[in-house]
$ cat run38.cif   # mmCIF, C-alpha atoms; chains and numbers go by the auth columns
data_target
#
loop_
_atom_site.group_PDB
_atom_site.id
_atom_site.type_symbol
_atom_site.label_atom_id
_atom_site.label_comp_id
_atom_site.label_asym_id
_atom_site.label_seq_id
_atom_site.Cartn_x
_atom_site.Cartn_y
_atom_site.Cartn_z
_atom_site.B_iso_or_equiv
_atom_site.auth_seq_id
_atom_site.auth_asym_id
ATOM 1 C CA MET A 1 -87.286 114.400 217.688 0.00 1185 A
ATOM 2 C CA THR A 2 -83.590 113.636 217.538 0.00 1186 A
ATOM 3 C CA ASN A 3 -81.003 114.975 215.156 0.00 1187 A
ATOM 4 C CA ALA A 4 -80.955 111.657 213.252 0.00 1188 A
ATOM 5 C CA THR A 5 -84.708 111.617 212.661 0.00 1189 A
ATOM 6 C CA THR A 6 -84.608 115.284 211.657 0.00 1190 A
ATOM 7 C CA THR A 7 -81.846 114.545 209.134 0.00 1191 A
ATOM 8 C CA LEU A 8 -83.865 111.653 207.701 0.00 1192 A
ATOM 9 C CA ARG A 9 -86.945 113.875 207.477 0.00 1193 A
ATOM 10 C CA TYR A 10 -84.974 116.513 205.533 0.00 1194 A
ATOM 11 C CA LEU A 11 -83.568 113.794 203.290 0.00 1195 A
ATOM 12 C CA ARG A 12 -87.098 112.535 202.625 0.00 1196 A
ATOM 13 C CA TRP A 13 -88.226 116.032 201.603 0.00 1197 A
ATOM 14 C CA ALA A 14 -85.124 116.474 199.423 0.00 1198 A
ATOM 15 C CA SER A 15 -85.944 113.155 197.746 0.00 1199 A
ATOM 16 C CA PHE A 16 -89.525 114.248 197.141 0.00 1200 A
ATOM 17 C CA LEU A 17 -88.404 117.589 195.674 0.00 1201 A
ATOM 18 C CA GLU A 18 -85.797 115.951 193.440 0.00 1202 A
ATOM 19 C CA GLY A 19 -88.326 113.409 192.190 0.00 1203 A
ATOM 20 C CA LEU A 20 -90.956 116.041 191.508 0.00 1204 A
ATOM 21 C CA THR A 21 -88.557 118.201 189.499 0.00 1205 A
ATOM 22 C CA LEU A 22 -87.361 115.144 187.541 0.00 1206 A
ATOM 23 C CA ILE A 23 -90.930 114.227 186.635 0.00 1207 A
ATOM 24 C CA LEU A 24 -91.721 117.800 185.603 0.00 1208 A
ATOM 25 C CA LEU A 25 -88.591 117.902 183.478 0.00 1209 A
ATOM 26 C CA VAL A 26 -89.020 114.501 181.804 0.00 1210 A
ATOM 27 C CA CYS A 27 -92.816 114.388 181.495 0.00 1211 A
ATOM 28 C CA LEU A 28 -93.614 118.037 180.815 0.00 1212 A
ATOM 29 C CA ALA A 29 -90.666 120.198 179.799 0.00 1213 A
ATOM 30 C CA VAL A 30 -88.880 117.798 177.420 0.00 1214 A
ATOM 31 C CA PRO A 31 -92.061 116.785 175.542 0.00 1215 A
ATOM 32 C CA LEU A 32 -92.985 120.458 175.168 0.00 1216 A
ATOM 33 C CA LYS A 33 -89.536 121.137 173.758 0.00 1217 A
ATOM 34 C CA ARG A 34 -89.563 118.181 171.363 0.00 1218 A
ATOM 35 C CA MET A 35 -93.188 118.174 170.216 0.00 1219 A
ATOM 36 C CA ALA A 36 -94.251 121.800 170.534 0.00 1220 A
ATOM 37 C CA GLY A 37 -90.949 123.517 169.871 0.00 1221 A
ATOM 38 C CA MET A 38 -91.027 125.280 173.253 0.00 1222 A
ATOM 39 C CA PRO A 39 -87.518 124.991 174.759 0.00 1223 A
ATOM 40 C CA GLU A 40 -88.245 127.655 177.381 0.00 1224 A
ATOM 41 C CA PHE A 41 -89.600 125.107 179.853 0.00 1225 A
ATOM 42 C CA VAL A 42 -86.424 123.017 179.703 0.00 1226 A
ATOM 43 C CA THR A 43 -84.407 126.204 180.111 0.00 1227 A
ATOM 44 C CA VAL A 44 -86.255 126.878 183.373 0.00 1228 A
ATOM 45 C CA MET A 45 -86.779 123.340 184.716 0.00 1229 A
ATOM 46 C CA GLY A 46 -83.290 122.062 183.858 0.00 1230 A
ATOM 47 C CA PRO A 47 -81.409 124.243 186.355 0.00 1231 A
ATOM 48 C CA ILE A 48 -84.133 123.842 188.993 0.00 1232 A
ATOM 49 C CA HIS A 49 -83.873 120.065 188.737 0.00 1233 A
ATOM 50 C CA GLY A 50 -80.077 120.280 188.711 0.00 1234 A
ATOM 51 C CA LEU A 51 -80.091 122.228 191.960 0.00 1235 A
ATOM 52 C CA ALA A 52 -82.573 119.801 193.550 0.00 1236 A
ATOM 53 C CA PHE A 53 -80.466 116.844 192.349 0.00 1237 A
ATOM 54 C CA VAL A 54 -77.232 118.224 193.801 0.00 1238 A
ATOM 55 C CA ALA A 55 -78.951 119.111 197.093 0.00 1239 A
ATOM 56 C CA TYR A 56 -80.406 115.594 197.308 0.00 1240 A
ATOM 57 C CA LEU A 57 -77.038 113.930 196.660 0.00 1241 A
ATOM 58 C CA ALA A 58 -75.438 116.187 199.286 0.00 1242 A
ATOM 59 C CA MET A 59 -78.102 115.135 201.792 0.00 1243 A
ATOM 60 C CA VAL A 60 -77.528 111.456 200.946 0.00 1244 A
ATOM 61 C CA ALA A 61 -73.776 111.922 201.430 0.00 1245 A
ATOM 62 C CA ARG A 62 -74.338 113.732 204.740 0.00 1246 A
ATOM 63 C CA SER A 63 -76.679 111.013 205.989 0.00 1247 A
ATOM 64 C CA SER A 64 -74.261 108.311 204.934 0.00 1248 A
ATOM 65 C CA ALA A 65 -71.338 110.079 206.634 0.00 1249 A
ATOM 66 C CA ALA A 66 -73.416 110.328 209.822 0.00 1250 A
ATOM 67 C CA SER A 67 -73.899 106.522 209.662 0.00 1251 A
ATOM 68 C CA LEU A 68 -77.657 106.863 209.197 0.00 1252 A
ATOM 69 C CA LEU A 69 -77.499 104.872 205.962 0.00 1253 A
ATOM 70 C CA SER A 70 -75.667 101.697 205.119 0.00 1254 A
ATOM 71 C CA ALA A 71 -73.532 101.518 201.978 0.00 1255 A
ATOM 72 C CA GLY A 72 -76.295 99.583 200.232 0.00 1256 A
ATOM 73 C CA GLU A 73 -78.944 102.124 201.208 0.00 1257 A
ATOM 74 C CA THR A 74 -76.706 104.939 200.020 0.00 1258 A
ATOM 75 C CA MET A 75 -76.308 103.286 196.616 0.00 1259 A
ATOM 76 C CA GLN A 76 -80.066 102.644 196.388 0.00 1260 A
ATOM 77 C CA LEU A 77 -80.864 106.265 197.186 0.00 1261 A
ATOM 78 C CA MET A 78 -78.372 107.531 194.628 0.00 1262 A
ATOM 79 C CA ALA A 79 -79.663 105.155 191.944 0.00 1263 A
ATOM 80 C CA ALA A 80 -83.282 106.136 192.645 0.00 1264 A
ATOM 81 C CA ALA A 81 -82.442 109.745 191.760 0.00 1265 A
ATOM 82 C CA PHE A 82 -82.089 108.681 188.115 0.00 1266 A
ATOM 83 C CA ILE A 83 -85.437 106.862 187.913 0.00 1267 A
ATOM 84 C CA PRO A 84 -88.673 108.796 187.539 0.00 1268 A
ATOM 85 C CA PHE A 85 -90.914 108.014 190.532 0.00 1269 A
ATOM 86 C CA GLY A 86 -87.955 106.331 192.274 0.00 1270 A
ATOM 87 C CA ALA A 87 -87.781 109.235 194.692 0.00 1271 A
ATOM 88 C CA PHE A 88 -91.257 108.475 195.991 0.00 1272 A
ATOM 89 C CA VAL A 89 -90.255 104.903 196.825 0.00 1273 A
ATOM 90 C CA VAL A 90 -87.209 106.321 198.598 0.00 1274 A
ATOM 91 C CA ALA A 91 -89.363 108.812 200.523 0.00 1275 A
ATOM 92 C CA ALA A 92 -91.570 106.001 201.822 0.00 1276 A
ATOM 93 C CA LYS A 93 -88.515 103.948 202.816 0.00 1277 A
ATOM 94 C CA LEU A 94 -86.991 106.920 204.646 0.00 1278 A
ATOM 95 C CA LYS A 95 -90.241 107.564 206.490 0.00 1279 A
ATOM 96 C CA ARG A 96 -90.280 103.969 207.756 0.00 1280 A
ATOM 97 C CA LYS A 97 -86.599 104.177 208.705 0.00 1281 A
ATOM 98 C CA ALA A 98 -87.154 107.404 210.676 0.00 1282 A
ATOM 99 C CA ALA A 99 -90.161 105.876 212.460 0.00 1283 A
ATOM 100 C CA THR A 100 -88.144 102.780 213.364 0.00 1284 A
ATOM 101 C CA LEU A 101 -85.264 104.925 214.604 0.00 1285 A
ATOM 102 C CA ALA A 102 -87.576 107.095 216.702 0.00 1286 A
ATOM 103 C CA LEU A 103 -89.229 103.999 218.141 0.00 1287 A
ATOM 104 C CA ALA A 104 -85.883 102.435 219.026 0.00 1288 A
ATOM 105 C CA GLN A 105 -84.712 105.631 220.703 0.00 1289 A
ATOM 106 C CA SER A 106 -87.908 105.904 222.730 0.00 1290 A
ATOM 107 C CA GLY A 107 -87.343 102.445 224.195 0.00 1291 A
ATOM 108 C CA ALA A 108 -90.823 101.225 223.248 0.00 1292 A
ATOM 109 C CA MET A 109 -91.106 97.614 222.183 0.00 1293 A
ATOM 110 C CA PHE A 110 -94.194 98.010 220.037 0.00 1294 A
ATOM 111 C CA PRO A 111 -95.441 101.006 218.038 0.00 1295 A
ATOM 112 C CA ALA A 112 -98.403 102.879 219.477 0.00 1296 A
ATOM 113 C CA ARG A 113 -101.651 102.548 217.570 0.00 1297 A
#
$ encode --input "run38.cif" --output "structure tokens"
Amino acid sequence: MTNATTTLRYLRWASFLEGLTLILLVCLAVPLKRMAGMPEFVTVMGPIHGLAFVAYLAMVARSSAASLLSAGETMQLMAAAFIPFGAFVVAAKLKRKAATLALAQSGAMFPAR
């Protein structure tokens, strides 16, 4: 596995983590705060999601700087961070991109089945 595919794999995991924390925050913590008067969950999940969000954006910037992502892909990945479940679409796209990159680097014309 090359450095580029490793970077894309880490970016995929960062996307998954960011998306999971966003869903937990929006679908669990905020409703508990608003409907049940339990702000403790937002107090915990807010900073966790914030850290995951910043780490994800840093990974996107690093991947873009390493020319692994086009400008359009970079914008798509950043926009997906604001959409619940968008991170899972991004993770699938990054998995395909890493597989294509690995295939191109191996010199194979067709993927193995």
$ closest_residue --input "run38.cif" --among "A:Ala1239, A:Leu1216, A:Ala1249, A:Ala1282" --to "Ser1199 in chain A" --atoms "only C-alpha atoms"
A:Ala1239
$ atom_distance --input "run38.cif" --atom1 "CA of His1233 in chain A" --atom2 "CA of Thr1191 in chain A"
21.2 Å
$ resolve_selection --input "run38.cif" --expression "the PyMOL selection byres ((chain A and resi 1268) around 7)" --output "list in words"
Gly1203, Leu1206, Ile1207, Phe1266, Ile1267, Phe1269 and Gly1270 of chain A
$ closest_residue --input "run38.cif" --among "A:Leu1204, A:Leu1278, A:Leu1209, A:Ala1283" --to "Pro1223 in chain A" --atoms "all atoms listed in the file"
A:Leu1209
$ resolve_selection --input "run38.cif" --expression "the PyMOL selection byres ((chain A and resi 1250-1253) around 10)" --output "count of residues only"
21
$ atom_distance --input "run38.cif" --atom1 "CA of Val1214 in chain A" --atom2 "CA of Lys1277 in chain A"
28.9 Å
$ atom_distance --input "run38.cif" --atom1 "CA of Glu1202 in chain A" --atom2 "CA of Gly1234 in chain A"
8.6 Å
$ closest_residue --input "run38.cif" --among "A:Ala1198, A:Val1273, A:Met1222, A:Val1210" --to "Leu1235 in chain A" --atoms "all atoms listed in the file"
A:Ala1198
$ closest_residue --input "run38.cif" --among "A:Val1274, A:Phe1200, A:Thr1284, A:Met1262" --to "Ala1242 in chain A" --atoms "only C-alpha atoms"
A:Met1262
